[in-house]
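Trainee: Dropping a structure here in structure tokens format, bear with me for questions.
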Amino acid sequence: MAGRPRFSQPSIAEMVAEELRERIITGVLREGDLLPPQEELVREFQVSRPPLREALRILEAEGLIEVRRGNVGGSVVRAPSMSGTAYSLGLLLQYERVSLADLAGAIAEVEPVCARYAAQRADRADDLVPQLRSLVDRQSELVEHETDFTRAGRDFHDAVIDGCGNDTLRLVAGALAALWSSQEEDWADQVAASDKYPVPKLRSEVVKAHRRLVDAIEAGDAELAADLSRSHARASQGHILGGSEGASLPVSLSKEVSLTRGRIFNDRRTSVKS
């Protein structure tokens, strides 16, 4: 019929990939599981080897499996992760030539929403507030240790995001924060040996800002928590962005992020290294 849209039918490889993807998403296949040998999958799906291999390539590209070759071969299940999300988002931002200032602006608006949500949690005093205070205490011990101090600050911000209590916001903001962390740590490494890194007095002010934010979250003052988070984010970003030249630089994926497919945010939630 003229004018009727035509939709391409999924290929055999895509249908096999969809079935295996569904098993991973629903937990039938769990992190670290080995997929059955190709001989078994060929029999189960009644397909030849070429489309099966293409299906595995699709899943590998999505980061849902890791294909190990050689004597100890096989396909290992990799559950969806923040690292893969941050990596994919970073590639997209690079492709779109998004500037550091643009990314910073998003972080400065999203993190305060997380802080607001965190302050509204009825159970915030059980685990979140003690965790945040522990992270601030840890950061205060690192005032003289430049790059470690920066990483400590990022752990604090990650904990606020992770403790917001809204899973969608946690995942979206977490991916943005993971990307910003890589920019921030690259900056810290570059300026640590120069006189451009904030002096200890300014670092102490950062610790105080974090303590005030924790106080607001503990008190349940959602609006104050959001305001403090926003003003602190913008002040901190000023050091990294510098002048207009730094702000106009494009987002980049550091070597570390590229090799590990992003910051493994979920693994850092309980860390107090920074």
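How things are named: the first chain in the structure tokens is A, the next is B, and so on; residues count from 1 in each chain; ligands count from 1 in the order shown.
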Within 8 Å of Gly174 (chain A), counting only C-alpha atoms, which residues show up once you throw out same-chain ones fewer than 5 positions away? Write them as a list of chain:residue names, please.

Mentor: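 Near Gly174 (chain A), the qualifying residues are A:Met82, A:Asp158, A:Ile161, A:Asp162, A:Leu169, A:Phe265.
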
Trainee: Can you list, as an mmCIF file with N, CA and C atoms, in the first residue's frame, every protein, DNA or RNA residue that comes within 9 Å of Trp180 (chain A) when you count only C-alpha atoms, leaving out same-chain residues fewer than 4 positions away?

Mentor:
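Okay, out_13.cif is ready:
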```
data_model
loop_
_atom_site.group_PDB
_atom_site.id
_atom_site.type_symbol
_atom_site.label_atom_id
_atom_site.label_comp_id
_atom_site.auth_asym_id
_atom_site.auth_seq_id
_atom_site.Cartn_x
_atom_site.Cartn_y
_atom_site.Cartn_z
ATOM 1 N N LEU A 100 33.395 21.478 28.458
ATOM 2 C CA LEU A 100 33.490 21.222 29.888
ATOM 3 C C LEU A 100 32.513 22.098 30.672
ATOM 4 N N LEU A 103 29.062 20.493 30.610
ATOM 5 C CA LEU A 103 28.983 19.378 31.552
ATOM 6 C C LEU A 103 28.927 19.890 32.985
ATOM 7 N N ALA A 104 29.758 20.878 33.287
ATOM 8 C CA ALA A 104 29.775 21.448 34.636
ATOM 9 C C ALA A 104 28.421 22.048 34.996
ATOM 10 N N ILE A 107 26.044 19.281 35.971
ATOM 11 C CA ILE A 107 26.357 18.759 37.305
ATOM 12 C C ILE A 107 25.890 19.726 38.389
ATOM 13 N N ALA A 175 26.154 8.840 36.332
ATOM 14 C CA ALA A 175 26.895 8.808 35.070
ATOM 15 C C ALA A 175 27.542 10.161 34.787
ATOM 16 N N LEU A 176 26.803 11.245 35.028
ATOM 17 C CA LEU A 176 27.364 12.582 34.833
ATOM 18 C C LEU A 176 28.521 12.830 35.796
ATOM 19 N N GLU A 184 37.970 16.159 36.576
ATOM 20 C CA GLU A 184 38.512 16.772 37.780
ATOM 21 C C GLU A 184 39.840 16.130 38.182
ATOM 22 N N GLU A 185 39.920 14.811 38.093
ATOM 23 C CA GLU A 185 41.145 14.134 38.495
ATOM 24 C C GLU A 185 42.269 14.378 37.494
ATOM 25 N N VAL A 251 34.668 18.063 26.398
ATOM 26 C CA VAL A 251 34.732 16.923 27.307
ATOM 27 C C VAL A 251 35.632 15.872 26.685
#
```

Trainee: Using only C-alpha atoms, pick whichever of A:Pro80, A:Ala235, A:Ala61, A:Ala226 has the shortest atom-to-atom distance to Glu22 (chain A).

Mentor: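 Counting only C-alpha atoms, the residue closest to Glu22 (chain A) is A:Pro80.
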
Trainee: Which polymer residues have any atom within 8 Å of an atom of Val76 (chain A), counting only C-alpha atoms, with same-chain residues fewer than 6 positions away left out, as a list in words?

Mentor: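 Residues near the query, excluding close chain neighbours: Glu31, Gly32, Asp33, Leu34, Leu35, Ile65, Glu66, Val67 and Arg68 of chain A.
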
Trainee: Give me, please, the distance in Å between CA of Ser99 (chain A) and CA of Gln237 (chain A), quoted to one decimal.

Mentor: 13.2 Å

Trainee: From the DSSP assignment of the backbone, select every residue of region 113-219 of chain A that is helix (DSSP H, G or I), and format the answer as a PyMOL selection string.

Mentor: chain A and resi 113-120+128-140+146-162+167-191+200-219

Trainee: Do a neighbour search on Arg49 (chain A) at 8 Å with only C-alpha atoms, toss out local chain neighbours closer than 4 positions, and write the hits as a list in words.

Mentor: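 After dropping sequence-adjacent residues, the list is Gln38, Val42 and Arg53 of chain A.
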
Trainee: Between A:Ala118, A:Leu20, A:Leu202, A:Pro10, which has the minimum distance to Glu223 (chain A) (counting only C-alpha atoms)?

Mentor: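 The shortest atom-to-atom distance to Glu223 (chain A) comes from A:Ala118.
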
Trainee: Measure the distance from CA of Cys164 (chain A) to CA of Val113 (chain A) in Å and round it to one decimal.

Mentor: 8.5 Å

Trainee: With only C-alpha atoms as the counted atoms, please give the residues lying no more than 10 Å from Arg124 (chain A), apart from itself and same-chain residues fewer than 5 positions off, as a PDB file with C-alpha atoms, in the first residue's frame.

Mentor:
```pdb
ATOM      1  CA  ALA A 118      18.815  13.037  50.407  1.00  0.00           C
ATOM      2  CA  ALA A 119      17.588  15.584  52.965  1.00  0.00           C
ATOM      3  CA  VAL A 129      24.569  10.864  57.362  1.00  0.00           C
ATOM      4  CA  PRO A 130      27.168   8.735  59.227  1.00  0.00           C
ATOM      5  CA  GLN A 131      28.705   7.756  55.876  1.00  0.00           C
ATOM      6  CA  GLY A 163      22.191   8.267  48.833  1.00  0.00           C
ATOM      7  CA  CYS A 164      19.509  10.419  47.239  1.00  0.00           C
ATOM      8  CA  GLY A 165      16.955   7.611  47.459  1.00  0.00           C
ATOM      9  CA  ILE A 217      20.853  16.940  55.060  1.00  0.00           C
ATOM     10  CA  GLU A 218      20.780  15.697  58.653  1.00  0.00           C
ATOM     11  CA  ALA A 219      18.407  18.509  59.655  1.00  0.00           C
ATOM     12  CA  GLY A 220      16.095  17.650  56.769  1.00  0.00           C
TER      13      GLY A 220
END
```

Trainee: Which is closer to Glu60 (chain A) than all the others in A:Arg78, A:Arg30, A:Arg116, A:Arg23, using only C-alpha atoms?

Mentor: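 For Glu60 (chain A), the nearest of the given residues is A:Arg78.
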